[in-house]
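S.K.: My file is work-v4.cif. It has mmCIF, C-alpha atoms and all ligand atoms:
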```
data_upload
loop_
_atom_site.label_atom_id
_atom_site.label_comp_id
_atom_site.auth_asym_id
_atom_site.auth_seq_id
_atom_site.Cartn_x
_atom_site.Cartn_y
_atom_site.Cartn_z
CA MET A 69 6.61 17.76 0.74
CA ALA A 70 3.25 18.13 2.44
CA GLN A 71 1.32 14.96 3.14
CA THR A 72 -1.67 14.23 0.88
CA TYR A 73 -4.79 12.88 2.55
CA ALA A 74 -8.06 11.54 1.17
CA ARG A 75 -10.94 13.58 2.60
CA ILE A 76 -14.63 12.75 2.49
CA ILE A 77 -16.30 15.75 0.83
CA GLY A 78 -19.78 14.32 0.31
CA THR A 79 -21.94 11.38 1.34
CA GLY A 80 -25.13 9.85 -0.04
CA SER A 81 -27.30 6.79 0.35
CA ALA A 82 -30.32 5.02 -1.08
CA LEU A 83 -32.85 2.54 0.23
CA PRO A 84 -35.61 0.69 -1.60
CA GLU A 85 -39.10 1.98 -0.82
CA ARG A 86 -40.55 -1.29 0.46
CA VAL A 87 -40.14 -1.87 4.18
CA LEU A 88 -40.55 -5.34 5.69
CA SER A 89 -41.04 -5.23 9.46
CA ASN A 90 -40.46 -8.06 11.90
CA ALA A 91 -44.24 -8.29 12.27
CA ASP A 92 -44.55 -8.75 8.49
CA LEU A 93 -41.98 -11.55 8.65
CA GLU A 94 -43.86 -13.29 11.46
CA LYS A 95 -46.68 -13.89 8.96
CA PHE A 96 -44.65 -16.22 6.75
CA VAL A 97 -41.57 -17.27 8.76
CA ASP A 98 -41.48 -19.25 12.00
CA THR A 99 -39.97 -16.37 13.99
CA SER A 100 -40.99 -13.55 16.30
CA ASP A 101 -40.38 -9.83 16.56
CA GLU A 102 -39.14 -10.47 20.10
CA TRP A 103 -36.52 -13.04 18.96
CA ILE A 104 -35.25 -10.84 16.15
CA ARG A 105 -35.05 -7.69 18.29
CA THR A 106 -33.37 -9.27 21.30
CA ARG A 107 -30.87 -11.37 19.30
CA THR A 108 -29.99 -8.81 16.64
CA GLY A 109 -31.49 -5.36 17.33
CA ILE A 110 -33.27 -5.44 13.94
CA ARG A 111 -36.81 -4.02 13.68
CA GLN A 112 -37.23 -3.72 9.93
CA ARG A 113 -35.38 -3.94 6.62
CA HIS A 114 -35.82 -2.46 3.13
CA ILE A 115 -36.39 -4.84 0.21
CA ALA A 116 -35.53 -4.05 -3.41
CA ALA A 117 -38.51 -3.97 -5.78
CA GLU A 118 -38.73 -6.50 -8.58
CA GLY A 119 -36.24 -5.40 -11.23
CA GLN A 120 -34.51 -2.91 -8.91
CA THR A 121 -30.81 -3.75 -8.90
CA THR A 122 -27.71 -3.08 -6.84
CA GLY A 123 -26.65 -0.68 -9.61
CA ASP A 124 -29.93 1.26 -9.31
CA LEU A 125 -29.35 1.80 -5.59
CA ALA A 126 -25.64 2.54 -6.13
CA LEU A 127 -26.48 5.15 -8.77
CA GLN A 128 -28.91 6.98 -6.47
CA ALA A 129 -26.45 6.94 -3.56
CA ALA A 130 -23.66 8.14 -5.87
CA GLN A 131 -25.74 11.00 -7.28
CA ARG A 132 -26.56 12.16 -3.76
CA ALA A 133 -22.91 11.97 -2.67
CA LEU A 134 -21.76 13.90 -5.76
CA GLU A 135 -24.40 16.54 -5.16
CA ALA A 136 -23.40 16.91 -1.50
CA ALA A 137 -19.74 17.18 -2.57
CA GLY A 138 -20.47 19.68 -5.34
CA VAL A 139 -18.54 17.46 -7.76
CA LYS A 140 -19.56 16.62 -11.33
CA ALA A 141 -19.32 12.98 -12.42
CA SER A 142 -16.99 14.06 -15.24
CA GLU A 143 -14.43 15.21 -12.62
CA LEU A 144 -14.02 11.70 -11.16
CA ASP A 145 -10.74 9.81 -11.64
CA MET A 146 -12.05 6.54 -10.31
CA ILE A 147 -15.10 4.63 -9.09
CA VAL A 148 -14.61 1.76 -6.64
CA LEU A 149 -17.73 -0.19 -5.71
CA GLY A 150 -17.94 -2.75 -2.93
CA THR A 151 -20.57 -5.40 -3.60
CA THR A 152 -21.17 -9.11 -3.38
CA THR A 153 -24.45 -8.88 -5.32
CA PRO A 154 -23.44 -7.33 -8.67
CA ASP A 155 -26.17 -6.64 -11.27
CA ILE A 156 -24.61 -9.08 -13.73
CA ILE A 157 -21.38 -11.11 -13.86
CA PHE A 158 -19.67 -8.54 -16.04
CA PRO A 159 -19.22 -5.69 -16.74
CA SER A 160 -18.74 -4.73 -13.11
CA THR A 161 -21.49 -2.79 -11.38
CA ALA A 162 -18.98 0.07 -11.09
CA CYS A 163 -18.82 0.22 -14.92
CA LEU A 164 -22.62 0.17 -15.18
CA VAL A 165 -22.90 3.00 -12.66
CA GLN A 166 -20.07 4.94 -14.33
CA ASN A 167 -21.93 4.91 -17.64
CA ARG A 168 -25.22 5.98 -16.05
CA LEU A 169 -23.44 8.83 -14.26
CA GLY A 170 -21.75 9.95 -17.47
CA ALA A 171 -18.26 9.53 -16.01
CA ASN A 172 -17.00 7.40 -18.91
CA GLY A 173 -13.23 7.13 -19.14
CA CYS A 174 -12.26 7.03 -15.47
CA ALA A 175 -11.19 3.77 -13.82
CA ALA A 176 -14.12 1.74 -12.50
CA PHE A 177 -14.12 -1.62 -10.75
CA ASP A 178 -15.88 -3.69 -8.10
CA VAL A 179 -14.38 -5.02 -4.90
CA ASN A 180 -15.85 -8.22 -3.47
CA ALA A 181 -15.04 -8.48 0.22
CA ALA A 182 -18.58 -9.42 1.32
CA CYS A 183 -19.74 -7.19 4.21
CA SER A 184 -16.33 -5.47 4.34
CA GLY A 185 -16.68 -4.40 0.70
CA PHE A 186 -17.18 -0.68 1.27
CA VAL A 187 -14.35 -0.36 3.79
CA TYR A 188 -12.07 -2.35 1.47
CA ALA A 189 -13.06 -0.02 -1.40
CA LEU A 190 -12.32 2.97 0.81
CA GLY A 191 -8.88 1.52 1.60
CA VAL A 192 -8.11 1.07 -2.10
CA ALA A 193 -9.30 4.58 -2.96
CA ASN A 194 -7.31 6.04 -0.08
CA SER A 195 -4.12 4.44 -1.42
CA PHE A 196 -4.66 5.85 -4.91
CA ILE A 197 -5.20 9.34 -3.51
CA ARG A 198 -2.28 9.20 -1.06
CA SER A 199 0.08 8.07 -3.79
CA GLY A 200 -0.98 10.98 -6.00
CA GLN A 201 -2.53 8.80 -8.72
CA SER A 202 -6.09 10.03 -8.16
CA LYS A 203 -7.64 13.30 -7.04
CA LYS A 204 -11.35 12.60 -6.86
CA VAL A 205 -12.71 9.12 -6.22
CA LEU A 206 -16.27 7.89 -5.80
CA VAL A 207 -16.51 5.00 -3.33
CA ILE A 208 -19.76 3.04 -3.16
CA GLY A 209 -21.06 0.14 -1.08
CA ALA A 210 -24.23 -1.33 -2.57
CA GLU A 211 -26.16 -4.57 -2.22
CA THR A 212 -29.38 -6.37 -2.95
CA LEU A 213 -28.64 -9.18 -0.54
CA THR A 214 -32.27 -10.25 -0.27
CA ARG A 215 -31.87 -11.65 -3.80
CA MET A 216 -29.85 -14.49 -2.31
CA ILE A 217 -32.01 -15.24 0.69
CA ASP A 218 -34.05 -18.36 1.17
CA TRP A 219 -37.22 -17.04 2.85
CA ASN A 220 -37.77 -20.50 4.35
CA GLU A 221 -34.54 -20.33 6.35
CA ARG A 222 -35.30 -18.37 9.49
CA GLU A 223 -31.65 -18.49 10.62
CA THR A 224 -30.67 -16.12 7.80
CA CYS A 225 -33.72 -14.52 6.18
CA VAL A 226 -34.53 -12.26 9.14
CA LEU A 227 -31.04 -10.74 9.14
CA PHE A 228 -30.57 -9.02 5.79
CA GLY A 229 -31.79 -6.00 3.85
CA ASP A 230 -30.99 -4.00 0.70
CA GLY A 231 -29.39 -0.58 0.38
CA ALA A 232 -26.43 1.51 -0.76
CA GLY A 233 -24.20 4.31 0.42
CA ALA A 234 -21.46 6.35 -1.21
CA VAL A 235 -18.78 8.91 -0.47
CA VAL A 236 -16.74 11.25 -2.64
CA LEU A 237 -13.07 11.41 -1.63
CA GLU A 238 -10.80 14.29 -2.61
CA ALA A 239 -7.04 14.77 -2.30
CA SER A 240 -6.34 17.37 0.37
CA SER A 241 -3.49 18.67 2.50
CA GLU A 242 -5.89 18.43 5.48
CA PRO A 243 -6.75 15.06 7.09
CA GLY A 244 -8.56 13.04 5.94
CA ILE A 245 -8.17 9.35 6.33
CA TYR A 246 -5.35 8.63 8.78
CA ALA A 247 -5.23 4.86 8.39
CA THR A 248 -7.02 1.92 6.84
CA CYS A 249 -6.51 -1.73 7.81
CA LEU A 250 -7.64 -4.55 5.52
CA HIS A 251 -7.52 -8.25 6.43
CA ALA A 252 -8.87 -11.62 5.32
CA ASP A 253 -8.70 -15.26 6.33
CA GLY A 254 -10.11 -17.59 3.69
CA GLY A 255 -9.77 -20.49 6.12
CA TYR A 256 -13.17 -19.48 7.48
CA LYS A 257 -14.92 -19.56 4.10
CA GLU A 258 -17.53 -22.16 5.03
CA LEU A 259 -18.87 -20.27 8.07
CA LEU A 260 -20.47 -17.58 5.91
CA TRP A 261 -20.79 -18.05 2.18
CA ASN A 262 -22.81 -18.54 -0.94
CA PRO A 263 -21.04 -21.44 -2.64
CA VAL A 264 -22.70 -21.06 -6.04
CA GLY A 265 -20.92 -19.53 -8.97
CA VAL A 266 -19.62 -19.34 -12.46
CA SER A 267 -16.52 -21.48 -12.43
CA ALA A 268 -17.69 -23.77 -9.64
CA GLY A 269 -20.92 -24.16 -11.59
CA PHE A 270 -24.41 -22.77 -11.20
CA ARG A 271 -26.63 -25.16 -9.30
CA ASP A 272 -30.29 -24.49 -8.87
CA GLU A 273 -31.46 -27.76 -7.36
CA PRO A 274 -33.44 -27.31 -4.10
CA ASN A 275 -30.55 -27.79 -1.70
CA HIS A 276 -28.06 -25.65 -3.59
CA GLY A 277 -30.01 -22.55 -4.61
CA VAL A 278 -28.33 -19.15 -4.81
CA ARG A 279 -28.51 -18.39 -1.13
CA ILE A 280 -26.47 -17.34 1.86
CA LYS A 281 -25.38 -19.99 4.32
CA MET A 282 -24.14 -18.96 7.74
CA ALA A 283 -23.08 -20.63 10.98
CA GLY A 284 -24.37 -17.66 13.00
CA ARG A 285 -23.03 -18.49 16.45
CA GLU A 286 -19.50 -19.22 15.19
CA VAL A 287 -19.46 -16.08 13.01
CA PHE A 288 -20.60 -14.05 16.01
CA LYS A 289 -17.72 -15.28 18.21
CA VAL A 290 -14.99 -14.71 15.64
CA ALA A 291 -16.45 -11.31 14.69
CA VAL A 292 -16.35 -9.97 18.26
CA LYS A 293 -12.81 -11.22 18.87
CA THR A 294 -11.49 -10.03 15.51
CA LEU A 295 -13.08 -6.58 15.75
CA ASP A 296 -11.55 -6.15 19.22
CA SER A 297 -8.05 -6.51 17.84
CA LEU A 298 -8.89 -4.63 14.62
CA VAL A 299 -9.92 -1.44 16.42
CA GLU A 300 -6.76 -1.57 18.57
CA GLN A 301 -4.60 -2.02 15.49
CA THR A 302 -6.35 0.82 13.65
CA LEU A 303 -5.90 3.30 16.49
CA GLN A 304 -2.24 2.39 16.66
CA ALA A 305 -1.82 2.76 12.88
CA GLY A 306 -3.44 6.20 13.01
CA GLY A 307 -1.53 7.32 16.12
CA MET A 308 -4.71 7.94 18.10
CA GLU A 309 -6.14 7.00 21.52
CA ALA A 310 -9.67 5.62 21.83
CA SER A 311 -10.51 8.65 24.00
CA GLN A 312 -9.94 10.92 20.96
CA LEU A 313 -12.68 9.20 18.95
CA ASP A 314 -15.95 11.07 18.50
CA TRP A 315 -17.89 8.35 16.69
CA LEU A 316 -17.81 4.63 16.00
CA ILE A 317 -19.51 3.79 12.68
CA PRO A 318 -19.62 -0.01 12.69
CA HIS A 319 -20.88 -2.62 10.28
CA GLN A 320 -24.55 -3.11 11.09
CA ALA A 321 -25.00 -6.88 11.46
CA ASN A 322 -25.94 -7.33 15.08
CA LEU A 323 -26.44 -4.80 17.89
CA ARG A 324 -24.73 -7.14 20.36
CA ILE A 325 -21.55 -7.21 18.24
CA ILE A 326 -21.68 -3.40 17.96
CA GLU A 327 -22.08 -3.05 21.74
CA ALA A 328 -19.11 -5.35 22.35
CA THR A 329 -16.85 -3.23 20.11
CA ALA A 330 -18.04 0.01 21.76
CA LYS A 331 -17.30 -1.48 25.17
CA ARG A 332 -13.81 -2.48 24.08
CA LEU A 333 -13.22 1.15 23.01
CA ASN A 334 -14.71 2.49 26.24
CA MET A 335 -17.24 4.41 24.15
CA SER A 336 -20.82 4.97 25.27
CA MET A 337 -23.59 3.89 22.88
CA GLU A 338 -24.31 7.63 22.50
CA GLN A 339 -21.13 7.78 20.42
CA VAL A 340 -22.08 4.87 18.18
CA ILE A 341 -24.10 5.20 14.98
CA VAL A 342 -26.73 2.46 14.98
CA THR A 343 -28.92 1.83 11.94
CA VAL A 344 -29.21 -1.95 12.17
CA ASP A 345 -32.68 -1.49 13.70
CA GLN A 346 -33.88 0.28 10.53
CA HIS A 347 -31.83 -1.35 7.76
CA ALA A 348 -30.79 -4.81 9.10
CA ASN A 349 -27.55 -6.14 7.58
CA THR A 350 -27.02 -4.57 4.15
CA SER A 351 -23.49 -6.00 3.80
CA SER A 352 -21.32 -3.50 1.85
CA GLY A 353 -24.13 -0.95 2.08
CA SER A 354 -24.16 -0.88 5.86
CA VAL A 355 -21.23 1.38 6.81
CA PRO A 356 -21.81 4.07 4.15
CA LEU A 357 -25.56 4.04 4.88
CA ALA A 358 -24.80 4.59 8.59
CA LEU A 359 -22.26 7.30 7.74
CA ASP A 360 -24.67 9.17 5.47
CA TYR A 361 -27.41 8.95 8.09
CA ALA A 362 -24.96 10.30 10.70
CA VAL A 363 -23.91 13.21 8.49
CA ARG A 364 -27.39 14.19 7.28
CA SER A 365 -28.92 13.96 10.76
CA GLY A 366 -26.25 16.38 12.00
CA LYS A 367 -24.70 13.88 14.43
CA VAL A 368 -21.31 13.77 12.73
CA GLN A 369 -19.71 17.21 12.39
CA ARG A 370 -16.70 18.46 10.42
CA GLY A 371 -13.44 17.98 12.32
CA GLN A 372 -14.62 14.96 14.29
CA ASN A 373 -12.72 11.67 14.46
CA LEU A 374 -14.53 8.60 13.13
CA LEU A 375 -13.68 4.91 13.31
CA LEU A 376 -15.33 2.80 10.60
CA GLU A 377 -15.15 -1.00 10.78
CA ALA A 378 -16.65 -4.05 9.11
CA PHE A 379 -16.56 -7.84 9.26
CA GLY A 380 -17.91 -10.32 6.73
CA GLY A 381 -17.70 -13.48 4.68
CA GLY A 382 -14.26 -14.72 3.74
CA PHE A 383 -13.71 -13.92 6.51
CA THR A 384 -12.79 -10.33 5.71
CA TRP A 385 -12.42 -7.47 8.16
CA ALA A 386 -11.43 -3.87 7.58
CA SER A 387 -11.37 -0.45 9.18
CA ALA A 388 -10.72 3.22 8.52
CA LEU A 389 -9.75 5.94 10.97
CA LEU A 390 -10.45 9.44 9.71
CA ARG A 391 -11.16 13.04 10.47
CA TYR A 392 -14.45 14.00 8.87
O1 LIG A 401 -22.37 -9.44 8.28
C1 LIG A 401 -21.50 -10.51 8.34
C2 LIG A 401 -21.30 -10.96 9.70
N1 LIG A 401 -22.47 -11.64 10.21
C3 LIG A 401 -22.69 -11.57 11.50
O2 LIG A 401 -21.98 -10.87 12.18
C4 LIG A 401 -23.76 -12.43 12.11
C5 LIG A 401 -23.25 -13.01 13.39
N2 LIG A 401 -24.19 -13.86 14.10
C6 LIG A 401 -25.30 -13.38 14.69
O3 LIG A 401 -25.63 -12.21 14.56
C7 LIG A 401 -26.09 -14.31 15.58
O4 LIG A 401 -25.37 -15.49 15.78
C8 LIG A 401 -27.50 -14.65 15.03
C9 LIG A 401 -28.41 -13.45 15.14
C10 LIG A 401 -27.40 -15.11 13.58
C11 LIG A 401 -28.13 -15.79 15.84
O5 LIG A 401 -28.19 -15.43 17.20
P1 LIG A 401 -27.71 -16.44 18.34
O6 LIG A 401 -27.97 -15.80 19.62
O7 LIG A 401 -26.29 -16.83 18.01
O8 LIG A 401 -28.72 -17.63 18.14
P2 LIG A 401 -28.44 -19.16 17.74
O9 LIG A 401 -28.00 -19.26 16.33
O10 LIG A 401 -27.56 -19.74 18.79
O11 LIG A 401 -29.88 -19.78 17.87
C12 LIG A 401 -30.59 -19.79 19.09
C13 LIG A 401 -31.94 -20.42 18.90
C14 LIG A 401 -31.92 -21.75 18.16
O12 LIG A 401 -32.86 -22.60 18.76
P3 LIG A 401 -32.39 -23.70 19.83
O13 LIG A 401 -31.37 -24.56 19.12
O14 LIG A 401 -31.79 -22.92 20.97
O15 LIG A 401 -33.67 -24.39 20.16
C15 LIG A 401 -32.39 -21.39 16.78
O16 LIG A 401 -33.03 -22.46 16.13
O17 LIG A 401 -32.78 -19.56 18.14
C16 LIG A 401 -33.37 -20.29 17.06
N3 LIG A 401 -33.54 -19.37 15.92
C17 LIG A 401 -34.64 -18.63 15.75
N4 LIG A 401 -35.78 -18.50 16.45
C18 LIG A 401 -36.69 -17.61 16.02
C19 LIG A 401 -32.68 -19.12 14.91
N5 LIG A 401 -33.19 -18.20 14.08
C20 LIG A 401 -34.40 -17.86 14.59
C21 LIG A 401 -35.41 -16.98 14.17
N6 LIG A 401 -36.53 -16.87 14.92
N7 LIG A 401 -35.27 -16.19 13.07
#
```
What is this file in structure tokens?
Ligand code: UT7
M.R.:
Amino acid sequence: MAQTYARIIGTGSALPERVLSNADLEKFVDTSDEWIRTRTGIRQRHIAAEGQTTGDLALQAAQRALEAAGVKASELDMIVLGTTTPDIIFPSTACLVQNRLGANGCAAFDVNAACSGFVYALGVANSFIRSGQSKKVLVIGAETLTRMIDWNERETCVLFGDGAGAVVLEASSEPGIYATCLHADGGYKELLWNPVGVSAGFRDEPNHGVRIKMAGREVFKVAVKTLDSLVEQTLQAGGMEASQLDWLIPHQANLRIIEATAKRLNMSMEQVIVTVDQHANTSSGSVPLALDYAVRSGKVQRGQNLLLEAFGGGFTWASALLRY
């Protein structure tokens, strides 16, 4: 029997209107444009308006992806949404988006793998399509991470932004996703986390607000090392050499981490999609935002080989090797 692949047939993304530049940040945080640019590559980030939720951004990205794919919401078998900043505790943001799209009845659920959320969601969707259980799946990565930022903490507040991206996957006899690799190591939980929650208890006293805590330097080191072995493993799983890759579409946390991964793959920065300068770190939103930018700007063309990868809190790390 012929192999069934999951193919990306449409992409979309959404960003809040408000842009906060490094210069804007300088006005109320003890930081500098120079520090932020040289340490991270970030120049600006988009910030969700008051009342604008992860689901609002996810919906817009999804509508654009469906339109690009020429697929009606009612045709979807499943919606998988990567997020660590859901609108509410439950129902899942995927269910909220499903209802707003008018896709009621199909499976819909969130995946929380922090910054690896979209690539994890893509891995799950790929498995459902490959096994024949689903034909058309909407995969979304969406976040309003700035909702859990302490604007007094310069170590973290300069790094994050809000945004969403989405793809529509379809079962096809043509490749398609060749391989996905998903990993986690909860032993690193305290290096990057937001230790506030339902069962552990909500705490809103000054030192325990709902905010991200990160040991930046340690995260940086593990990320570079882990992504090095992840990209090797992914190429092997997909039966491909690095020289066959057309594009690297990495998680957009830090330009120096992205450059290290490109170097490992012997790829020039011309073959790497970089949006961290414009969007900062949008967690689950980052890879699909970069992918949609790459597709709509005409950089990524049909038939090209793409390597997607992400690393985030947990730690989690994940990748996908695919022909676009
Ligand atoms: O998406 C999930 C994965 N997350 C990541 O991949 C993030 C990984 N980590 C990083 O990207 C980097 O570690 C950071 C960008 C967070 C930090 O860069 P760094 O080169 O590792 O800097 P550092 O933390 O070692 O700090 C260097 C100095 C410190 O001052 P001293 O101790 O050298 O005097 C900090 O206090 O920079 C200072 N600093 C700042 N200065 C100006 C820290 N934040 C800022 C700031 N503005 N915003």
S.K.: Residues within 12 Å of Glu211 in chain A, please, as a ChimeraX atom specification. Count all atoms listed in the file; anything in the same chain fewer than 4 positions from it doesn't count.
M.R.: /A:81-84,114-116,120-127,129,149-155,161,178,180,182-186,215-216,228-234,347,349-357
S.K.: Kindly give the distance, in Å, that separates CA of Ala328 in chain A and CA of Gly366 in chain A, rounded to a single decimal.
M.R.: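 Result for CA of Ala328 in chain A versus CA of Gly366 in chain A: 25.1 Å, one decimal.
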S.K.: Per residue of chain A within 8 Å of ligand LIG 401 (chain A), which atom pair is closest and at what distance in Å (one decimal), using all atoms listed in the file, listed by chain and increasing number, as CSV?
M.R.:
```
residue,atom,partner,partner_atom,distance
A:Val97,CA,A:LIG401,N7,7.7
A:Asp98,CA,A:LIG401,N6,6.2
A:Thr99,CA,A:LIG401,N6,3.6
A:Ser100,CA,A:LIG401,N6,5.7
A:Trp103,CA,A:LIG401,C18,5.4
A:Ile104,CA,A:LIG401,N7,6.2
A:Arg107,CA,A:LIG401,C9,5.3
A:Thr108,CA,A:LIG401,C9,5.1
A:Ala182,CA,A:LIG401,C1,7.7
A:Cys183,CA,A:LIG401,O1,5.3
A:Glu221,CA,A:LIG401,N7,7.9
A:Arg222,CA,A:LIG401,N7,4.2
A:Glu223,CA,A:LIG401,N5,3.8
A:Thr224,CA,A:LIG401,C10,6.7
A:Cys225,CA,A:LIG401,N7,7.3
A:Val226,CA,A:LIG401,N7,5.6
A:Leu227,CA,A:LIG401,C9,7.1
A:Leu260,CA,A:LIG401,C1,7.5
A:Met282,CA,A:LIG401,C10,7.7
A:Ala283,CA,A:LIG401,O4,7.4
A:Gly284,CA,A:LIG401,O4,3.7
A:Arg285,CA,A:LIG401,O4,3.9
A:Glu286,CA,A:LIG401,O4,7.0
A:Val287,CA,A:LIG401,C5,4.9
A:Phe288,CA,A:LIG401,C5,3.9
A:Lys289,CA,A:LIG401,C5,7.7
A:Ala291,CA,A:LIG401,O2,6.1
A:His319,CA,A:LIG401,O1,7.3
A:Gln320,CA,A:LIG401,O1,7.3
A:Ala321,CA,A:LIG401,O1,4.9
A:Asn322,CA,A:LIG401,O3,4.9
A:Arg324,CA,A:LIG401,O3,7.8
A:Ile325,CA,A:LIG401,O2,7.1
A:Asn349,CA,A:LIG401,O1,6.2
A:Thr350,CA,A:LIG401,O1,7.9
A:Ser351,CA,A:LIG401,O1,5.8
A:Ala378,CA,A:LIG401,O1,7.9
A:Phe379,CA,A:LIG401,C1,5.7
A:Gly380,CA,A:LIG401,C1,3.9
A:Gly381,CA,A:LIG401,C1,6.1
```
S.K.: Dump C-alpha atoms for the selected residues as an mmCIF file, in the coordinates of the input?
M.R.:
```cif
data_model
loop_
_atom_site.group_PDB
_atom_site.id
_atom_site.type_symbol
_atom_site.label_atom_id
_atom_site.label_comp_id
_atom_site.auth_asym_id
_atom_site.auth_seq_id
_atom_site.Cartn_x
_atom_site.Cartn_y
_atom_site.Cartn_z
ATOM 1 C CA VAL A 97 -41.570 -17.270 8.760
ATOM 2 C CA ASP A 98 -41.480 -19.250 12.000
ATOM 3 C CA THR A 99 -39.970 -16.370 13.990
ATOM 4 C CA SER A 100 -40.990 -13.550 16.300
ATOM 5 C CA TRP A 103 -36.520 -13.040 18.960
ATOM 6 C CA ILE A 104 -35.250 -10.840 16.150
ATOM 7 C CA ARG A 107 -30.870 -11.370 19.300
ATOM 8 C CA THR A 108 -29.990 -8.810 16.640
ATOM 9 C CA ALA A 182 -18.580 -9.420 1.320
ATOM 10 C CA CYS A 183 -19.740 -7.190 4.210
ATOM 11 C CA GLU A 221 -34.540 -20.330 6.350
ATOM 12 C CA ARG A 222 -35.300 -18.370 9.490
ATOM 13 C CA GLU A 223 -31.650 -18.490 10.620
ATOM 14 C CA THR A 224 -30.670 -16.120 7.800
ATOM 15 C CA CYS A 225 -33.720 -14.520 6.180
ATOM 16 C CA VAL A 226 -34.530 -12.260 9.140
ATOM 17 C CA LEU A 227 -31.040 -10.740 9.140
ATOM 18 C CA LEU A 260 -20.470 -17.580 5.910
ATOM 19 C CA MET A 282 -24.140 -18.960 7.740
ATOM 20 C CA ALA A 283 -23.080 -20.630 10.980
ATOM 21 C CA GLY A 284 -24.370 -17.660 13.000
ATOM 22 C CA ARG A 285 -23.030 -18.490 16.450
ATOM 23 C CA GLU A 286 -19.500 -19.220 15.190
ATOM 24 C CA VAL A 287 -19.460 -16.080 13.010
ATOM 25 C CA PHE A 288 -20.600 -14.050 16.010
ATOM 26 C CA LYS A 289 -17.720 -15.280 18.210
ATOM 27 C CA ALA A 291 -16.450 -11.310 14.690
ATOM 28 C CA HIS A 319 -20.880 -2.620 10.280
ATOM 29 C CA GLN A 320 -24.550 -3.110 11.090
ATOM 30 C CA ALA A 321 -25.000 -6.880 11.460
ATOM 31 C CA ASN A 322 -25.940 -7.330 15.080
ATOM 32 C CA ARG A 324 -24.730 -7.140 20.360
ATOM 33 C CA ILE A 325 -21.550 -7.210 18.240
ATOM 34 C CA ASN A 349 -27.550 -6.140 7.580
ATOM 35 C CA THR A 350 -27.020 -4.570 4.150
ATOM 36 C CA SER A 351 -23.490 -6.000 3.800
ATOM 37 C CA ALA A 378 -16.650 -4.050 9.110
ATOM 38 C CA PHE A 379 -16.560 -7.840 9.260
ATOM 39 C CA GLY A 380 -17.910 -10.320 6.730
ATOM 40 C CA GLY A 381 -17.700 -13.480 4.680
#
```
S.K.: Check the smallest atom-to-atom distance from each of A:Ile156, A:Ile317, A:Met146, A:Val235 to Ile341 in chain A using only C-alpha atoms, then report the winner.
M.R.: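 Result for the nearest residue to Ile341 in chain A: A:Ile317.
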S.K.: Of the candidates A:Val205, A:Ile77, A:Gln346, A:Gln339, which shows the shortest atom-to-atom distance to Asn90 in chain A, using only C-alpha atoms?
M.R.: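 That would be A:Gln346, the residue with the smallest distance to Asn90 in chain A.
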S.K.: Tell me which of A:His251, A:Ala348, A:Glu258, A:Trp385 sits closest to Val292 in chain A, counting all atoms listed in the file.
M.R.: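 Closest candidate: A:Trp385.
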S.K.: Quick one: of A:Gly80, A:Val299, A:Ser160, A:Leu88, who's nearest to Thr214 in chain A, counting only C-alpha atoms?
M.R.: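 Checking each candidate against Thr214 in chain A, we get A:Leu88 as the closest.
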S.K.: Identify which of the residues A:Tyr188, A:Tyr246, A:Phe383, A:Phe158 lies closest to Gly307 in chain A, counting all atoms listed in the file when measuring atom-to-atom distances.
M.R.: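 Closest candidate: A:Tyr246.
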S.K.: In file coordinates, which residues lie within 10 Å of (-18.5, 18.9, 8.8) using all atoms listed in the file, given as number ranges by chain?
M.R.: A: 76-78, 363, 366-372, 391-392
S.K.: Which one is closest to Asn220 in chain A: A:Asp296, A:Glu238, A:Glu94, A:Glu143? Count all atoms listed in the file.
M.R.: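 When distances to Asn220 in chain A are compared using all atoms listed in the file, the smallest one comes from A:Glu94.
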S.K.: Distance CA of Leu190 in chain A-CA of Val236 in chain A, one decimal place?
M.R.: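 Between CA of Leu190 in chain A and CA of Val236 in chain A the gap works out to 10.0 Å.
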S.K.: In Å to one decimal, how far is CA of Trp315 in chain A from CA of Asp345 in chain A?
M.R.: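 Separating CA of Asp345 in chain A from CA of Trp315 in chain A is a distance of 18.0 Å.
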S.K.: If we count only C-alpha atoms, what is near Gln312 in chain A at a cut-off of 10 Å, once residues fewer than 3 positions away on the same chain are taken out, given as number ranges by chain?
M.R.: A: 303, 308-309, 315, 372-374
S.K.: Take range 170-175 of chain A, model N, CA and C atoms, and hand the result over as a PDB file, in the frame of the given file.
M.R.:
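Written out: rebuild13.pdb:
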```pdb
ATOM      1  N   GLY A 170     -22.410   9.155 -16.442  1.00  0.00           N
ATOM      2  CA  GLY A 170     -21.750   9.950 -17.470  1.00  0.00           C
ATOM      3  C   GLY A 170     -20.310  10.265 -17.096  1.00  0.00           C
ATOM      4  N   ALA A 171     -19.648   9.317 -16.442  1.00  0.00           N
ATOM      5  CA  ALA A 171     -18.260   9.530 -16.010  1.00  0.00           C
ATOM      6  C   ALA A 171     -17.322   8.677 -16.857  1.00  0.00           C
ATOM      7  N   ASN A 172     -17.745   8.337 -18.084  1.00  0.00           N
ATOM      8  CA  ASN A 172     -17.000   7.400 -18.910  1.00  0.00           C
ATOM      9  C   ASN A 172     -15.545   7.827 -19.090  1.00  0.00           C
ATOM     10  N   GLY A 173     -14.659   6.848 -18.957  1.00  0.00           N
ATOM     11  CA  GLY A 173     -13.230   7.130 -19.140  1.00  0.00           C
ATOM     12  C   GLY A 173     -12.432   6.932 -17.875  1.00  0.00           C
ATOM     13  N   CYS A 174     -13.021   7.227 -16.719  1.00  0.00           N
ATOM     14  CA  CYS A 174     -12.260   7.030 -15.470  1.00  0.00           C
ATOM     15  C   CYS A 174     -12.215   5.545 -15.132  1.00  0.00           C
ATOM     16  N   ALA A 175     -11.277   5.168 -14.257  1.00  0.00           N
ATOM     17  CA  ALA A 175     -11.190   3.770 -13.820  1.00  0.00           C
ATOM     18  C   ALA A 175     -12.448   3.401 -13.048  1.00  0.00           C
TER      19      ALA A 175
END
```
